[in-house]
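Everything below belongs to protein39.cif, which stores mmCIF, C-alpha atoms.
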data_my_file
#
loop_
_atom_site.label_atom_id
_atom_site.label_comp_id
_atom_site.auth_asym_id
_atom_site.auth_seq_id
_atom_site.Cartn_x
_atom_site.Cartn_y
_atom_site.Cartn_z
CA MET I 80 -30.14 57.90 6.27
CA PRO I 81 -32.60 57.54 9.14
CA GLN I 82 -34.09 54.10 9.73
CA ASP I 83 -36.45 52.59 7.22
CA LEU I 84 -40.06 52.30 8.40
CA HIS I 85 -40.69 49.14 6.34
CA TYR I 86 -44.31 49.91 5.55
CA LEU I 87 -45.74 48.54 2.32
CA LYS I 88 -47.79 50.62 -0.11
CA GLU I 89 -51.42 49.78 -0.74
CA THR I 90 -51.96 48.05 -4.08
CA PRO I 91 -53.23 50.66 -6.55
CA SER I 92 -56.85 50.40 -7.62
CA GLN I 93 -57.96 49.88 -11.19
CA THR I 94 -61.43 50.16 -12.65
CA ALA I 95 -63.73 47.17 -12.27
CA GLY I 96 -64.41 47.55 -15.98
CA PRO I 97 -67.52 46.70 -17.98
CA TYR I 98 -67.35 42.98 -17.25
CA VAL I 99 -67.25 43.13 -13.46
CA HIS I 100 -70.29 40.86 -13.41
CA ILE I 101 -68.24 37.90 -14.67
CA GLY I 102 -66.24 37.93 -11.50
CA LEU I 103 -68.70 39.13 -8.92
CA ALA I 104 -72.14 38.24 -10.31
CA PRO I 105 -71.66 35.74 -13.16
CA GLY I 106 -75.38 35.05 -13.42
CA ALA I 107 -75.83 38.63 -14.60
CA ALA I 108 -73.06 38.17 -17.18
CA GLY I 109 -75.10 35.32 -18.57
CA PHE I 110 -73.71 32.10 -17.14
CA ASP I 111 -73.93 29.80 -14.18
CA ILE I 112 -70.68 28.60 -12.60
CA TYR I 113 -70.76 28.66 -8.80
CA ARG I 114 -72.82 26.56 -6.40
CA GLN I 115 -73.90 29.85 -4.89
CA GLU I 116 -73.25 33.47 -5.77
CA LEU I 117 -72.37 35.75 -2.88
CA GLY I 118 -74.21 38.81 -1.70
CA TRP I 119 -77.74 38.25 -2.99
CA ASP I 120 -79.30 38.08 0.48
CA ILE I 121 -78.18 40.84 2.84
CA ALA I 122 -80.31 40.22 5.89
CA GLY I 123 -81.17 36.51 5.79
CA PRO I 124 -84.42 35.00 6.99
CA ASN I 125 -84.05 35.54 10.74
CA ALA I 126 -83.17 39.21 10.97
CA LYS I 127 -85.42 41.22 13.23
CA GLY I 128 -86.59 44.69 12.33
CA GLU I 129 -88.50 46.35 9.55
CA ARG I 130 -88.19 44.73 6.13
CA ILE I 131 -87.51 47.42 3.57
CA ARG I 132 -86.63 47.80 -0.09
CA ILE I 133 -84.19 50.34 -1.48
CA GLU I 134 -84.23 51.40 -5.12
CA GLY I 135 -82.39 53.90 -7.23
CA VAL I 136 -80.34 54.69 -10.25
CA VAL I 137 -76.77 55.94 -10.65
CA ILE I 138 -76.58 59.01 -12.89
CA ASP I 139 -73.47 60.27 -14.67
CA GLY I 140 -72.38 63.82 -15.40
CA THR I 141 -74.44 63.98 -18.59
CA GLY I 142 -77.62 63.07 -16.70
CA SER I 143 -77.71 59.54 -18.12
CA PRO I 144 -78.22 56.40 -16.07
CA VAL I 145 -75.09 54.30 -15.56
CA LYS I 146 -76.09 50.80 -16.63
CA ASP I 147 -73.03 48.77 -15.67
CA VAL I 148 -72.56 49.67 -12.03
CA LEU I 149 -71.98 47.24 -9.19
CA ILE I 150 -72.79 48.45 -5.68
CA GLU I 151 -71.88 46.74 -2.44
CA ALA I 152 -73.84 47.47 0.70
CA TRP I 153 -72.62 47.04 4.28
CA GLN I 154 -74.88 47.62 7.25
CA ALA I 155 -75.68 46.82 10.86
CA ASN I 156 -78.70 44.78 11.84
CA GLY I 157 -81.84 46.22 13.42
CA ALA I 158 -80.06 46.45 16.75
CA GLY I 159 -77.12 48.38 15.32
CA VAL I 160 -74.68 45.45 15.35
CA HIS I 161 -72.39 44.61 12.43
CA ALA I 162 -71.77 40.93 11.63
CA HIS I 163 -68.06 41.09 12.43
CA PRO I 164 -65.84 40.26 15.42
CA GLU I 165 -65.58 43.98 16.18
CA GLY I 166 -69.20 44.68 15.27
CA GLY I 167 -70.54 45.13 18.78
CA GLY I 168 -72.10 41.75 19.54
CA ALA I 169 -73.97 38.83 18.09
CA VAL I 170 -76.33 39.03 15.11
CA GLU I 171 -79.20 36.81 13.98
CA GLU I 172 -78.17 33.56 12.31
CA GLY I 173 -77.85 34.17 8.58
CA PHE I 174 -77.50 37.94 8.91
CA ARG I 175 -74.38 39.00 7.00
CA GLY I 176 -75.22 42.65 6.46
CA TRP I 177 -73.41 42.68 3.14
CA GLY I 178 -74.80 42.51 -0.34
CA ARG I 179 -74.12 43.03 -3.99
CA VAL I 180 -76.44 44.95 -6.21
CA ILE I 181 -76.20 45.30 -9.95
CA THR I 182 -78.09 47.55 -12.30
CA ASP I 183 -80.44 46.50 -15.02
CA PHE I 184 -78.38 46.63 -18.24
CA GLU I 185 -81.25 48.33 -20.12
CA THR I 186 -82.46 50.91 -17.62
CA GLY I 187 -79.79 51.34 -14.97
CA ASP I 188 -82.34 50.68 -12.21
CA TRP I 189 -81.15 48.82 -9.14
CA GLY I 190 -82.77 47.71 -5.93
CA PHE I 191 -82.31 45.43 -2.95
CA ASP I 192 -84.27 44.08 0.00
CA THR I 193 -82.96 44.20 3.53
CA VAL I 194 -83.88 45.17 7.07
CA LYS I 195 -83.64 48.71 8.28
CA PRO I 196 -80.45 49.03 10.36
CA GLY I 197 -80.49 50.42 13.86
CA PRO I 198 -78.40 53.34 15.07
CA VAL I 199 -74.71 52.49 15.52
CA MET I 200 -72.36 53.86 18.17
CA GLY I 201 -69.87 56.17 16.50
CA ARG I 202 -66.66 57.81 17.57
CA ASN I 203 -66.36 59.44 20.96
CA GLY I 204 -69.63 57.96 22.14
CA ARG I 205 -71.74 59.82 19.59
CA LEU I 206 -74.55 57.76 18.14
CA MET I 207 -74.75 57.54 14.34
CA ALA I 208 -78.19 57.60 12.70
CA PRO I 209 -79.24 54.40 10.92
CA HIS I 210 -77.29 54.15 7.69
CA ILE I 211 -76.03 51.75 5.05
CA SER I 212 -72.48 52.09 3.73
CA LEU I 213 -72.26 51.81 -0.07
CA TRP I 214 -69.28 51.16 -2.32
CA ILE I 215 -69.73 51.84 -6.02
CA VAL I 216 -67.57 50.45 -8.82
CA ALA I 217 -67.97 50.50 -12.59
CA ARG I 218 -66.21 51.08 -15.86
CA GLY I 219 -64.83 54.62 -15.71
CA ILE I 220 -64.55 54.62 -11.91
CA ASN I 221 -60.85 54.31 -11.16
CA ILE I 222 -61.23 53.68 -7.45
CA GLY I 223 -64.41 52.59 -5.68
CA LEU I 224 -66.61 55.42 -4.42
CA ASN I 225 -67.76 55.30 -0.81
CA THR I 226 -70.97 56.89 0.33
CA ARG I 227 -73.68 56.38 2.95
CA LEU I 228 -77.42 56.05 2.70
CA TYR I 229 -79.53 57.54 5.51
CA PHE I 230 -83.31 57.37 5.95
CA SER I 231 -85.82 60.21 5.52
CA ASP I 232 -87.97 59.02 8.43
CA GLU I 233 -85.05 59.48 10.85
CA ALA I 234 -84.97 63.27 10.76
CA GLU I 235 -84.09 63.70 14.41
CA ALA I 236 -81.29 61.13 14.38
CA ASN I 237 -80.00 62.47 11.08
CA ALA I 238 -79.83 65.99 12.50
CA ALA I 239 -77.56 64.69 15.29
CA ASP I 240 -75.50 62.32 13.12
CA PRO I 241 -71.77 63.07 13.47
CA VAL I 242 -71.00 62.09 9.87
CA LEU I 243 -73.76 64.14 8.23
CA ASN I 244 -72.68 67.04 10.39
CA LEU I 245 -69.16 66.81 9.01
CA ILE I 246 -70.52 67.92 5.65
CA GLU I 247 -69.98 71.64 5.70
CA TRP I 248 -72.59 72.37 3.03
CA GLU I 249 -75.93 71.61 4.64
CA ASN I 250 -77.71 71.41 1.31
CA ARG I 251 -75.41 68.57 0.24
CA ARG I 252 -76.42 66.42 3.20
CA ALA I 253 -79.75 65.82 1.46
CA THR I 254 -77.93 63.81 -1.23
CA LEU I 255 -77.44 61.05 1.37
CA ILE I 256 -81.06 60.79 2.54
CA ALA I 257 -83.17 58.05 0.95
CA ARG I 258 -86.81 59.10 0.56
CA ARG I 259 -89.37 56.80 2.13
CA GLU I 260 -92.40 55.84 0.05
CA THR I 261 -95.00 53.14 0.40
CA ARG I 262 -95.80 50.64 -2.34
CA ASP I 263 -98.45 47.97 -1.85
CA GLY I 264 -98.28 48.71 1.85
CA LYS I 265 -94.53 48.09 2.01
CA PRO I 266 -91.76 50.61 2.63
CA VAL I 267 -89.58 51.47 -0.35
CA TYR I 268 -86.78 54.00 -0.11
CA ARG I 269 -85.63 55.91 -3.18
CA PHE I 270 -81.91 56.66 -3.37
CA ASP I 271 -80.45 58.06 -6.58
CA ILE I 272 -76.70 58.52 -6.77
CA ARG I 273 -75.34 61.39 -8.86
CA LEU I 274 -71.70 60.88 -9.75
CA GLN I 275 -71.15 64.41 -11.00
CA GLY I 276 -72.81 67.76 -11.59
CA GLU I 277 -75.86 69.31 -9.99
CA ASP I 278 -76.72 67.67 -6.65
CA GLU I 279 -73.58 65.53 -6.85
CA THR I 280 -73.78 62.86 -4.15
CA VAL I 281 -71.44 63.28 -1.23
CA PHE I 282 -68.65 60.71 -1.43
CA PHE I 283 -66.32 59.99 1.45
CA ASP I 284 -62.64 59.31 1.77
CA ILE I 285 -62.88 56.67 4.46
CA MET G 96 -50.65 45.42 24.05
CA PRO G 97 -52.13 48.19 21.88
CA THR G 98 -55.40 47.40 20.13
CA PRO G 99 -55.96 48.04 16.42
CA GLY G 100 -57.57 51.35 15.55
CA GLU G 101 -58.41 53.08 12.30
CA PHE G 102 -56.95 52.18 8.94
CA TYR G 103 -54.11 54.34 7.73
CA GLN G 104 -55.38 57.02 5.42
CA ARG G 105 -55.42 56.06 1.77
CA ASP G 106 -52.55 57.62 -0.16
CA ARG G 107 -54.50 59.53 -2.78
CA GLU G 108 -51.32 60.44 -4.64
CA TRP G 109 -50.47 56.77 -5.04
CA GLN G 110 -54.01 55.75 -6.01
CA PRO G 111 -55.52 56.92 -9.31
CA PRO G 112 -57.62 60.09 -9.19
CA ALA G 113 -61.28 59.88 -10.26
CA TYR G 114 -60.88 62.14 -13.27
CA THR G 115 -58.38 60.92 -15.86
CA LYS G 116 -59.06 62.47 -19.23
CA ASP G 117 -57.22 59.87 -21.32
CA TYR G 118 -59.45 57.14 -19.92
CA LYS G 119 -62.49 58.70 -21.48
CA THR G 120 -65.20 56.86 -19.60
CA SER G 121 -63.94 58.43 -16.37
CA VAL G 122 -64.76 61.94 -17.60
CA ALA G 123 -68.53 61.79 -16.98
CA ARG G 124 -68.28 59.29 -14.14
CA SER G 125 -65.88 61.14 -11.83
CA PRO G 126 -67.09 63.31 -8.96
CA ARG G 127 -66.02 66.93 -9.38
CA LEU G 128 -66.35 67.91 -5.73
CA ALA G 129 -63.85 66.89 -3.10
CA LEU G 130 -64.35 63.70 -1.12
CA ILE G 131 -65.34 64.33 2.50
CA SER G 132 -62.64 62.85 4.75
CA LEU G 133 -64.12 60.60 7.38
CA GLN G 134 -62.34 59.22 10.40
CA ASN G 135 -63.18 55.53 10.69
CA SER G 136 -66.08 54.41 12.82
CA VAL G 137 -67.19 50.84 13.38
CA SER G 138 -69.03 51.05 10.02
CA GLU G 139 -65.71 51.36 8.18
CA ILE G 140 -63.54 49.17 10.39
CA THR G 141 -65.84 46.18 10.06
CA GLY G 142 -66.67 44.36 6.84
CA PRO G 143 -68.19 41.12 5.64
CA VAL G 144 -66.76 37.85 6.89
CA PHE G 145 -66.54 34.85 4.56
CA GLY G 146 -65.89 31.22 5.30
CA HIS G 147 -65.33 27.90 3.64
CA GLY G 148 -69.07 27.44 3.31
CA ASP G 149 -69.07 30.28 0.80
CA VAL G 150 -66.60 28.85 -1.71
CA ASP G 151 -65.85 25.43 -3.13
CA PRO G 152 -62.32 24.03 -3.60
CA ILE G 153 -62.78 23.96 -7.40
CA ASP G 154 -63.58 27.68 -7.48
CA ASN G 155 -59.91 28.74 -7.74
CA ASP G 156 -59.21 26.48 -10.73
CA LEU G 157 -60.31 28.34 -13.85
CA ILE G 158 -58.90 25.55 -16.01
CA LEU G 159 -61.45 23.11 -14.63
CA ASN G 160 -64.28 25.10 -13.05
CA TYR G 161 -66.20 25.59 -16.28
CA ALA G 162 -64.71 22.91 -18.54
CA LYS G 163 -66.75 20.03 -19.86
CA PRO G 164 -65.72 16.67 -18.39
CA GLY G 165 -62.43 15.58 -19.94
CA GLU G 166 -61.86 18.90 -21.72
CA MET G 167 -59.85 22.02 -20.95
CA PRO G 168 -59.71 25.62 -22.17
CA ILE G 169 -57.19 26.63 -24.82
CA GLY G 170 -54.28 28.79 -23.74
CA GLU G 171 -51.05 29.04 -21.85
CA ARG G 172 -51.50 27.26 -18.52
CA ILE G 173 -50.53 29.53 -15.63
CA ILE G 174 -50.57 29.64 -11.84
CA VAL G 175 -51.07 33.03 -10.21
CA HIS G 176 -50.10 32.98 -6.58
CA GLY G 177 -49.05 35.30 -3.79
CA ARG G 178 -50.02 36.72 -0.46
CA VAL G 179 -52.51 39.28 0.72
CA LEU G 180 -50.71 41.55 3.18
CA ASP G 181 -51.49 44.81 4.89
CA GLU G 182 -49.33 47.92 4.90
CA ASN G 183 -47.69 46.67 8.10
CA ALA G 184 -46.55 43.61 6.06
CA ARG G 185 -48.81 41.36 8.13
CA PRO G 186 -50.69 38.61 6.29
CA VAL G 187 -54.46 38.97 5.86
CA PRO G 188 -55.82 35.46 6.47
CA ASN G 189 -59.20 34.03 5.46
CA THR G 190 -60.07 36.87 3.16
CA LEU G 191 -62.00 36.48 -0.07
CA VAL G 192 -60.11 37.00 -3.33
CA GLU G 193 -62.14 36.94 -6.56
CA ALA G 194 -60.71 36.95 -10.08
CA TRP G 195 -62.13 37.42 -13.56
CA GLN G 196 -60.55 37.64 -16.98
CA ALA G 197 -60.85 37.23 -20.73
CA ASN G 198 -59.98 33.91 -22.34
CA ALA G 199 -56.74 33.24 -24.25
CA GLY G 200 -58.18 35.02 -27.30
CA GLY G 201 -59.07 38.15 -25.37
CA ARG G 202 -62.82 37.49 -25.24
CA TYR G 203 -64.96 37.69 -22.11
CA ARG G 204 -67.84 35.37 -21.41
CA HIS G 205 -70.24 38.30 -20.99
CA LYS G 206 -73.36 39.12 -22.90
CA LYS G 207 -72.09 42.65 -23.42
CA ASP G 208 -68.74 41.61 -24.99
CA THR G 209 -68.99 41.49 -28.77
CA TYR G 210 -65.31 41.20 -29.72
CA LEU G 211 -64.84 38.88 -32.69
CA ALA G 212 -62.48 36.48 -30.93
CA PRO G 213 -64.46 33.37 -30.00
CA ILE G 214 -65.85 32.29 -26.67
CA ASP G 215 -64.01 29.23 -25.36
CA PRO G 216 -66.64 26.60 -24.53
CA ASN G 217 -64.48 25.32 -21.68
CA PHE G 218 -63.65 28.61 -20.04
CA GLY G 219 -65.90 30.65 -17.74
CA GLY G 220 -63.28 33.21 -16.75
CA CYS G 221 -63.93 33.65 -13.05
CA GLY G 222 -62.66 32.18 -9.83
CA ARG G 223 -62.57 32.83 -6.12
CA THR G 224 -60.70 31.63 -3.07
CA LEU G 225 -60.00 32.39 0.57
CA THR G 226 -56.47 33.19 1.71
CA ASP G 227 -55.01 30.67 4.15
CA GLU G 228 -53.77 31.47 7.65
CA ASN G 229 -50.62 33.02 6.14
CA GLY G 230 -52.53 35.22 3.72
CA TYR G 231 -51.56 32.95 0.82
CA TYR G 232 -53.78 32.46 -2.24
CA TYR G 233 -53.47 30.82 -5.65
CA PHE G 234 -55.40 30.37 -8.85
CA ARG G 235 -54.82 28.13 -11.85
CA THR G 236 -55.98 29.55 -15.17
CA VAL G 237 -54.95 30.26 -18.75
CA LYS G 238 -53.14 33.45 -19.60
CA PRO G 239 -55.68 35.98 -20.89
CA GLY G 240 -55.23 37.55 -24.32
CA ALA G 241 -54.92 41.23 -25.12
CA TYR G 242 -57.98 42.81 -26.73
CA PRO G 243 -59.01 46.07 -28.38
CA TRP G 244 -61.33 48.54 -26.69
CA ARG G 245 -63.01 51.77 -27.64
CA ASN G 246 -61.20 54.75 -26.17
CA TRP G 247 -58.86 56.19 -28.71
CA VAL G 248 -59.35 54.59 -32.10
CA ASN G 249 -56.66 51.96 -31.58
CA ASN G 250 -56.34 51.03 -27.90
CA TRP G 251 -55.46 47.53 -26.73
CA ARG G 252 -55.68 46.33 -23.16
CA PRO G 253 -52.57 44.50 -22.00
CA ALA G 254 -53.26 40.95 -20.82
CA HIS G 255 -54.74 41.30 -17.36
CA ILE G 256 -56.68 39.57 -14.60
CA HIS G 257 -59.16 41.53 -12.52
CA LEU G 258 -58.91 40.95 -8.78
CA SER G 259 -61.34 41.85 -6.01
CA ILE G 260 -60.15 41.71 -2.39
CA PHE G 261 -61.99 42.33 0.88
CA GLY G 262 -59.68 42.41 3.90
CA THR G 263 -61.28 42.71 7.33
CA GLY G 264 -62.88 46.15 7.04
CA PHE G 265 -65.08 47.81 4.45
CA ALA G 266 -62.47 50.60 4.21
CA GLN G 267 -59.99 48.08 2.75
CA ARG G 268 -62.27 47.04 -0.13
CA LEU G 269 -60.24 47.00 -3.33
CA ILE G 270 -60.55 46.06 -6.97
CA THR G 271 -57.46 46.07 -9.15
CA GLN G 272 -55.92 44.46 -12.21
CA LEU G 273 -52.87 42.21 -12.48
CA TYR G 274 -50.58 42.63 -15.50
CA PHE G 275 -47.80 40.36 -16.72
CA GLU G 276 -44.09 41.13 -16.72
CA GLY G 277 -42.71 42.09 -20.10
CA ASP G 278 -45.95 43.11 -21.83
CA PRO G 279 -45.28 46.14 -24.08
CA LEU G 280 -48.95 47.12 -24.00
CA ILE G 281 -48.78 48.03 -20.30
CA ALA G 282 -46.96 51.30 -20.90
CA GLN G 283 -49.45 52.36 -23.58
CA CYS G 284 -52.66 51.64 -21.72
CA PRO G 285 -54.75 54.66 -20.64
CA ILE G 286 -56.34 52.59 -17.86
CA VAL G 287 -52.94 51.59 -16.46
CA ASN G 288 -51.86 55.20 -16.79
CA THR G 289 -54.67 56.47 -14.60
CA ILE G 290 -52.11 55.67 -11.89
CA PRO G 291 -49.79 58.67 -11.72
CA ASP G 292 -46.75 57.10 -10.07
CA PRO G 293 -44.63 54.73 -12.22
CA GLN G 294 -43.61 52.80 -9.09
CA ALA G 295 -47.25 52.24 -8.25
CA ILE G 296 -47.81 50.83 -11.74
CA GLU G 297 -44.97 48.37 -11.19
CA GLN G 298 -46.82 47.10 -8.14
CA LEU G 299 -49.50 45.78 -10.52
CA ILE G 300 -47.11 43.76 -12.67
CA ALA G 301 -46.86 40.08 -11.74
CA ARG G 302 -43.44 38.54 -12.05
CA LEU G 303 -42.55 35.27 -13.69
CA ASP G 304 -41.83 32.84 -10.86
CA MET G 305 -39.85 29.86 -12.10
CA ASN G 306 -39.68 28.30 -8.66
CA ALA G 307 -43.46 28.02 -8.51
CA THR G 308 -43.67 26.73 -12.07
CA ILE G 309 -44.64 23.06 -12.40
CA PRO G 310 -42.08 21.57 -14.83
CA LEU G 311 -43.59 20.30 -18.10
CA ASP G 312 -47.03 21.46 -16.94
CA THR G 313 -47.81 25.04 -15.84
CA ILE G 314 -45.87 28.31 -15.69
CA ALA G 315 -46.25 30.58 -12.66
CA TYR G 316 -46.50 34.27 -11.84
CA LYS G 317 -46.28 35.77 -8.38
CA PHE G 318 -48.50 38.64 -7.32
CA ASP G 319 -48.69 40.00 -3.77
CA ILE G 320 -51.58 42.26 -2.85
CA VAL G 321 -51.35 44.95 -0.17
CA LEU G 322 -54.42 46.25 1.66
CA ARG G 323 -54.54 49.20 4.00
CA GLY G 324 -52.97 48.67 7.40
CA ARG G 325 -54.41 49.61 10.78
CA ARG G 326 -53.03 51.98 13.32
CA SER G 327 -52.28 50.77 16.83
CA THR G 328 -54.21 52.80 19.34
CA LEU G 329 -51.66 54.15 21.81
CA PHE G 330 -52.64 56.37 24.72
CA GLU G 331 -56.20 57.04 23.71
CA ASN G 332 -59.82 56.17 24.26
CA ARG G 333 -61.54 53.47 22.32
CA LEU G 334 -63.39 54.55 19.18
CA GLU G 335 -66.69 53.83 20.87
CA GLY G 336 -65.94 56.19 23.70
CA ASN G 337 -65.00 55.80 27.33
#
Could you render the structure from this file as structure tokens?
Amino acid sequence: MPQDLHYLKETPSQTAGPYVHIGLAPGAAGFDIYRQELGWDIAGPNAKGERIRIEGVVIDGTGSPVKDVLIEAWQANGAGVHAHPEGGGAVEEGFRGWGRVITDFETGDWGFDTVKPGPVMGRNGRLMAPHISLWIVARGINIGLNTRLYFSDEAEANAADPVLNLIEWENRRATLIARRETRDGKPVYRFDIRLQGEDETVFFDI
Amino acid sequence: MPTPGEFYQRDREWQPPAYTKDYKTSVARSPRLALISLQNSVSEITGPVFGHGDVDPIDNDLILNYAKPGEMPIGERIIVHGRVLDENARPVPNTLVEAWQANAGGRYRHKKDTYLAPIDPNFGGCGRTLTDENGYYYFRTVKPGAYPWRNWVNNWRPAHIHLSIFGTGFAQRLITQLYFEGDPLIAQCPIVNTIPDPQAIEQLIARLDMNATIPLDTIAYKFDIVLRGRRSTLFENRLEGN
């Protein structure tokens, strides 16, 4: 026998189930237990950059809204820096860049407020267009789904983005572009996620 | 000294696939097209950082964190403890571990759970903690009950605790479920069996740990969690370029 490599195996994933809110957003499950729930404020009060709202719905293979999804968002600040020791620098006080978003149990609608991220330096010195990384878990999802949200008003940067350009089918890239609208003078991006079927959202193995 | 690079690729034959017909809810919620493989950039290697300002010491004690003063939830008192490691067997310190579960009767404190077993007025069913500098974590709770669920006509979930773990990078994000050694419902569960490899299933079964048991007080189970490991970057440029 050759030598053993002694690596461990990653713990297998299991579905977050229908009651994921108890653990990760107990207020939504219907009770108050922690001094403070985590992930309700992505950008904090001091973040520079454009304040935006993102809204959408997750749709299943039958065309129905998925009403028990939990989404986590991870993003850079307006200057393209992630709040992490390897994130490229300092961020504004209170900027975490991470948030939790849950759907309305009746409609499946979700939304969150944040700042628009800046472009982030990617691999091999190629700049990535502004984007938000999303991780989607729910009952019936055996392992969290990773995708990215890009912005419709960044057409030039999107066209040069090394990740979007990895997607061989150009028509599928559109599934990752949130559409900018204006409501009461404020920017709102629409981003629907289709788990399956026509216009299925691009999901990544990261 | 080599610097850490990308995370090792996820072993998709060890992890459950998206589409698993016997877990019926997965059928309409599973992507049909292939995932696009993405080499890690800074967006995947980084992830949220948590600190002691985010959690309170009581948060990992499910026996007391929702109980009325002087009262306790009903059920078998247990400690769940272990380490969060990466695939290189290195501890993952200061990482957030969150847990949620049904009460001893198999009922969740959730407005969408309508099972006829009663809510326990002294049990919330969730906890959270940060691993210490050695990657160690522990919770005190009551052992959750099995409960029926709608899949086939007569499916019962084995007793389980849901766990959510972060690690240092968004690519490590993981949610799983802990099962208990000796439970005959494990082998029958369509959710457990979304995992194709029997050895991988065993990795989700916590073992009775008599040495960690508090005599005359609380029984203990040990459960180590493994997150993806990172490659050492040998002989190459940094991810961000030259």
- [ ] Kindly determine which residues of chain G lie within 7 Å of chain I, considering all atoms listed in the file, and give the answer as a PyMOL selection string.
- [x] chain G and resi 109-113+120-121+123-127+130-137+141-144+161+182-184+193-195+205-206+221-222+266+269-272+295+298+320-323+334-336
Restricting it to C-alpha atoms, dump the selection as a PDB file, keeping the file's coordinate frame.
ATOM      1  CA  TRP G 109     -50.470  56.770  -5.040  1.00  0.00           C
ATOM      2  CA  GLN G 110     -54.010  55.750  -6.010  1.00  0.00           C
ATOM      3  CA  PRO G 111     -55.520  56.920  -9.310  1.00  0.00           C
ATOM      4  CA  PRO G 112     -57.620  60.090  -9.190  1.00  0.00           C
ATOM      5  CA  ALA G 113     -61.280  59.880 -10.260  1.00  0.00           C
ATOM      6  CA  THR G 120     -65.200  56.860 -19.600  1.00  0.00           C
ATOM      7  CA  SER G 121     -63.940  58.430 -16.370  1.00  0.00           C
ATOM      8  CA  ALA G 123     -68.530  61.790 -16.980  1.00  0.00           C
ATOM      9  CA  ARG G 124     -68.280  59.290 -14.140  1.00  0.00           C
ATOM     10  CA  SER G 125     -65.880  61.140 -11.830  1.00  0.00           C
ATOM     11  CA  PRO G 126     -67.090  63.310  -8.960  1.00  0.00           C
ATOM     12  CA  ARG G 127     -66.020  66.930  -9.380  1.00  0.00           C
ATOM     13  CA  LEU G 130     -64.350  63.700  -1.120  1.00  0.00           C
ATOM     14  CA  ILE G 131     -65.340  64.330   2.500  1.00  0.00           C
ATOM     15  CA  SER G 132     -62.640  62.850   4.750  1.00  0.00           C
ATOM     16  CA  LEU G 133     -64.120  60.600   7.380  1.00  0.00           C
ATOM     17  CA  GLN G 134     -62.340  59.220  10.400  1.00  0.00           C
ATOM     18  CA  ASN G 135     -63.180  55.530  10.690  1.00  0.00           C
ATOM     19  CA  SER G 136     -66.080  54.410  12.820  1.00  0.00           C
ATOM     20  CA  VAL G 137     -67.190  50.840  13.380  1.00  0.00           C
ATOM     21  CA  THR G 141     -65.840  46.180  10.060  1.00  0.00           C
ATOM     22  CA  GLY G 142     -66.670  44.360   6.840  1.00  0.00           C
ATOM     23  CA  PRO G 143     -68.190  41.120   5.640  1.00  0.00           C
ATOM     24  CA  VAL G 144     -66.760  37.850   6.890  1.00  0.00           C
ATOM     25  CA  TYR G 161     -66.200  25.590 -16.280  1.00  0.00           C
ATOM     26  CA  GLU G 182     -49.330  47.920   4.900  1.00  0.00           C
ATOM     27  CA  ASN G 183     -47.690  46.670   8.100  1.00  0.00           C
ATOM     28  CA  ALA G 184     -46.550  43.610   6.060  1.00  0.00           C
ATOM     29  CA  GLU G 193     -62.140  36.940  -6.560  1.00  0.00           C
ATOM     30  CA  ALA G 194     -60.710  36.950 -10.080  1.00  0.00           C
ATOM     31  CA  TRP G 195     -62.130  37.420 -13.560  1.00  0.00           C
ATOM     32  CA  HIS G 205     -70.240  38.300 -20.990  1.00  0.00           C
ATOM     33  CA  LYS G 206     -73.360  39.120 -22.900  1.00  0.00           C
ATOM     34  CA  CYS G 221     -63.930  33.650 -13.050  1.00  0.00           C
ATOM     35  CA  GLY G 222     -62.660  32.180  -9.830  1.00  0.00           C
ATOM     36  CA  ALA G 266     -62.470  50.600   4.210  1.00  0.00           C
ATOM     37  CA  LEU G 269     -60.240  47.000  -3.330  1.00  0.00           C
ATOM     38  CA  ILE G 270     -60.550  46.060  -6.970  1.00  0.00           C
ATOM     39  CA  THR G 271     -57.460  46.070  -9.150  1.00  0.00           C
ATOM     40  CA  GLN G 272     -55.920  44.460 -12.210  1.00  0.00           C
ATOM     41  CA  ALA G 295     -47.250  52.240  -8.250  1.00  0.00           C
ATOM     42  CA  GLN G 298     -46.820  47.100  -8.140  1.00  0.00           C
ATOM     43  CA  ILE G 320     -51.580  42.260  -2.850  1.00  0.00           C
ATOM     44  CA  VAL G 321     -51.350  44.950  -0.170  1.00  0.00           C
ATOM     45  CA  LEU G 322     -54.420  46.250   1.660  1.00  0.00           C
ATOM     46  CA  ARG G 323     -54.540  49.200   4.000  1.00  0.00           C
ATOM     47  CA  LEU G 334     -63.390  54.550  19.180  1.00  0.00           C
ATOM     48  CA  GLU G 335     -66.690  53.830  20.870  1.00  0.00           C
ATOM     49  CA  GLY G 336     -65.940  56.190  23.700  1.00  0.00           C
TER      50      GLY G 336
END
Open item on the list: Rounded to one decimal, what separation in Å do you get between atom CA of Pro152 of chain G and atom CA of Phe234 of chain G?
Closed with: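 Going from atom CA of Pro152 of chain G over to atom CA of Phe234 of chain G covers 10.8 Å.
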Residue by residue, what does the PyMOL selection byres ((chain G and resi 260) around 7) grab here? Present the result as a compact mmCIF listing (two decimals) with C-alpha atoms, in the coordinates of the input.
# COMPACT_ATOMS: atom_id res chain seq x y z
CA LEU G 191 -62.00 36.48 -0.07
CA VAL G 192 -60.11 37.00 -3.33
CA GLU G 193 -62.14 36.94 -6.56
CA LEU G 258 -58.91 40.95 -8.78
CA SER G 259 -61.34 41.85 -6.01
CA PHE G 261 -61.99 42.33 0.88
CA GLY G 262 -59.68 42.41 3.90
CA ARG G 268 -62.27 47.04 -0.13
CA LEU G 269 -60.24 47.00 -3.33
CA ILE G 270 -60.55 46.06 -6.97
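Taking atom CA of Ile281 of chain G as the reference point, atom CA of Trp251 of chain G is found at 9.3 Å.
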